[in-house]
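Student: I am attaching a structure below and will ask some questions about it afterwards.
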Amino acid sequence: MAQAASAARTVILTVDDDPGVSRAVARDLRRRYGESYRIVRAESGDSALEALRELKLRGDLVAVIVADYRMPQMNGIEFLEQALDVYPGARRVLLTAYADTNAAIDAINVIDLDHYLLKPWDPPEEKLYPVLDDLLEAWRASDHRSVAITKVVGHRWSARSSDVREFLARNQVPYRWYSSDEPEGRRLLAAAGQDDRRLPLVVTPDGTALVEPDDPELAARVGLATTPTAEFYDLVVIGGGPAGLGAAVYGASEGLRTVLVERSATGGQAGQSSRIENYLGFPDGVSGAQLTDRARRQAAKFGAEILTAREVSGLEINGAARTVRFSDGSAIAAHSVILATGVSYRQLASPGLAELTGCGVYYGSALTEAAACSGQNVYIVGGANSAGQAAMHLARGAKSVTLLIRGESLSSSMSHYLVQQITEAPNITVRTCTVVEAAHGANHLEQLTLRDVTSGYTELVDAQWMFVFIGAAPLTDWLEGTVLRDERGFIPAGPDMTPDGQPPKGWELDRPPYHLETNVPGVFVAGDARAESAKRVASAVGEGAMAVMLVHRYLEQS
C-alpha cells in the first residue's frame, strides 16, 4: 500500500499477486524512476483500488498503472477497468504470459490498454524502460496537473452545498467545485465510498473526506483557527465585521492581548459586498472580500488571534473578569469585551421561501452563485446600499436584474452614487411599492408571485434567482439578562442610556458610562449592533477603533 510522502510526487502504481514478482517490478521501477516518481506497490486488485482512491482524495497524480493479468478474485483487466474510473488519464500497462496475449489484445478495445508486456521482461533496459519512458512522456504532454486545494462535491440546488461554498469563499479558503452529476464529481464520491444522497462531500488537501460537515468541523479541517491559545485575554472582540476587525487591529497594535471570535466568516455583511465605492482611500472602489482580507491579515500581523466558526452563547460577569461562553460549553475570559456582532438580513416570511432558501433564494450577496446567474433573470429584494451594490455586480452578466422595493423610491435608503448607477444601467429595472407574495418551485426557485402594495395587483413571474437584502436583525439574543437592549434588540450605549442624566439600572461606578460602553462596565459595543448606529463601513471601523481607546481608559481606572 501507498505510504504518504512529505512532498507529493507523481505515482507509478504496480499490482501483482505474486510477492516475488511484485517486489521485482517495484525494484526495477525504483531503480529507473525512483528519483522523480513515487512507486506504489500492491498485491491485489482490491488493495490497489484502495490505494488509488486514497491518492485521489489526496489530490496526488498517477501517471502509469502496471497490472498483472492473472490475479485471483479480480484479474488485471477487471482491475484496470475500475482504475479507469478513478484515474482516467493514467497510462495502463498489462503484464501477461505468452499464453495470455489474446486477452491482452482484447483489452486494448475493452479498456483502451496502452501497452502489454510479456513476462519475464529481462533485461528491463530493453523491454521495460523504453515502454515506460514513452508512456510517461505521453502522460506529461497531457494536462493532468494536481489540484492541491480543497474540493467540494455537491449539487447546484443543494442548500448546504451552497452554504459550504460561501463559507470557504468568505474565509479565503481556495477550493474547487465539482457537480455530483459530472464525471470528476462522481469519481471523487466513489473514491470516498459515497453516493449523491449525502451532499456536500468536502475533500481537504490532505485527502480527508468530510460528508455534510458543519461549519466548526469544516473550519478546523481546512486550517482555520477555532481554538483559543489562552484562557484569559485583555480584550475579547465578538464579531468579525468592519467594527470587529477595526477593534482587533487597534487592540493588538496597541499592546492588548486580543482575540476576535467570529461565528461564520470575517467581514460581516460588508464582506459580502461586491464593490464598496465610497470608502475612504479607495477612489476606484474595493470589494468587501478584498477589504476583509487586508484587515484580517493586518490584525494577524499585530498578533490578534482570530477564531472562526465559534458560536458565542453567553456573557457572564465574574468580578473584574468578563467570561464569554461558547455553545460547545467552553469559555474564555478577559478584562474587557467589545460587542461587534453586527446584524443579519431579515428573513422573508412569504410562503415557499423557507423551503427554497439556498436553492435559488439567497440572503445576502452569495457571490459564489453570481457566475451561474449569467444570462438569467435575477430579482433582488431591498433598497439599501447592499442591494444596490449586488444589483450592479450581477447586472454585468445577467440578462436582467429587477430591484423590488416596498417604498416609492430608492433615494430615501440608498446612496446617491448608487442610485445614479442603477438608473443608467440598461438591464436594471426598479419596481417600487412591490413585495414578494410567494415563491414557487419543486427543487429550486422557478417562479415568484409579486404584489403591488398600493393597488393589491398580483403578478406571476418566472425567476430562478432571488437575493434578499432587507432589514437588520441584530445578533444579540444571547445577551439576554446581561446587557441592556432596546425593543428591537439593538444595544444602547453611553449617553443613549442616560437621557435623563441618571445612570442605567444596576450601574455601580461613580462615573457615567463611556461613550460606547454598555450598562456593564468594561463591555463596549461598536458597529451595526449599536442602537442608532450609522450602518456604514467607515463608521463601523471608526467605532471599533474608538472602543479600543475607551477600553484603555477603562483598564487604567480599574
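Chain labels A, B, ... are given in the sequence in which chains occur in the C-alpha cells; within each chain residues are numbered consecutively from 1, and ligands are likewise numbered from 1 in the order shown.
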Under the rule of at most 10 Å, produce a per-residue listing of segment 145-192 of chain A near segment 251-275 of chain A: chain, number, name, the closest pair of atoms, and the distance in Å, as a tab-separated table, using only C-alpha atoms.
Tutor:
```
residue	atom	partner	partner_atom	distance
A:Glu166	CA	A:Ala265	CA	9.3
A:Phe167	CA	A:Ala265	CA	6.7
A:Leu168	CA	A:Ala265	CA	8.6
A:Ala169	CA	A:Ala265	CA	9.1
A:Arg170	CA	A:Ala265	CA	5.9
A:Asn171	CA	A:Ala265	CA	5.5
A:Gln172	CA	A:Ala265	CA	9.2
```
Student: If we count only C-alpha atoms and set the cut-off at 7 Å, which residues sit around Trp177 of chain A, ignoring sequence neighbours fewer than 2 positions away in its own chain? Please answer as a list in words.
Tutor: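 Close residues of Trp177 of chain A: Lys151, Val152, Val153, Tyr175 and Ser179 of chain A.
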Student: Kindly export the residues of the current selection with C-alpha atoms, as a compact mmCIF listing (two decimals), in the first residue's frame.
Tutor:
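Written out: selection16.txt:
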```txt
# COMPACT_ATOMS: atom_id res chain seq x y z
CA LYS A 151 -12.51 20.00 -3.24
CA VAL A 152 -16.27 20.32 -2.82
CA VAL A 153 -18.67 17.88 -4.47
CA TYR A 175 -11.46 25.33 -3.28
CA SER A 179 -21.01 18.88 -9.53
```
Student: Using only C-alpha atoms, tabulate the residues of segment 500-529 of chain A lying at most 8 Å from any atom of segment 326-342 of chain A, each with its closest atom pair and that distance in Å to one decimal, by chain and increasing residue number, as a Markdown table.
Tutor:
```
| residue | atom | partner | partner_atom | distance |
| --- | --- | --- | --- | --- |
| A:Gly522 | CA | A:Ser336 | CA | 4.9 |
| A:Val523 | CA | A:Val337 | CA | 4.8 |
| A:Phe524 | CA | A:Ile338 | CA | 4.6 |
| A:Val525 | CA | A:Leu339 | CA | 4.5 |
| A:Ala526 | CA | A:Ala340 | CA | 5.2 |
| A:Gly527 | CA | A:Ala340 | CA | 5.9 |
| A:Asp528 | CA | A:Gly342 | CA | 4.8 |
| A:Ala529 | CA | A:Gly342 | CA | 4.8 |
```
Student: Quick one: residues within 9 Å of Ala493 of chain A, only C-alpha atoms, excluding same-chain residues fewer than 6 positions away - as number ranges by chain?
Tutor: A: 484, 513-519, 524-525, 530-531
Student: Might you pull out every residue within 12 Å of segment 107-121 of chain A, with only C-alpha atoms counted and same-chain residues fewer than 3 positions away left off, and present them as a ChimeraX atom specification?
Tutor: /A:21,24-25,28,64-70,75-85,88-104,124-132,134-136,138-139
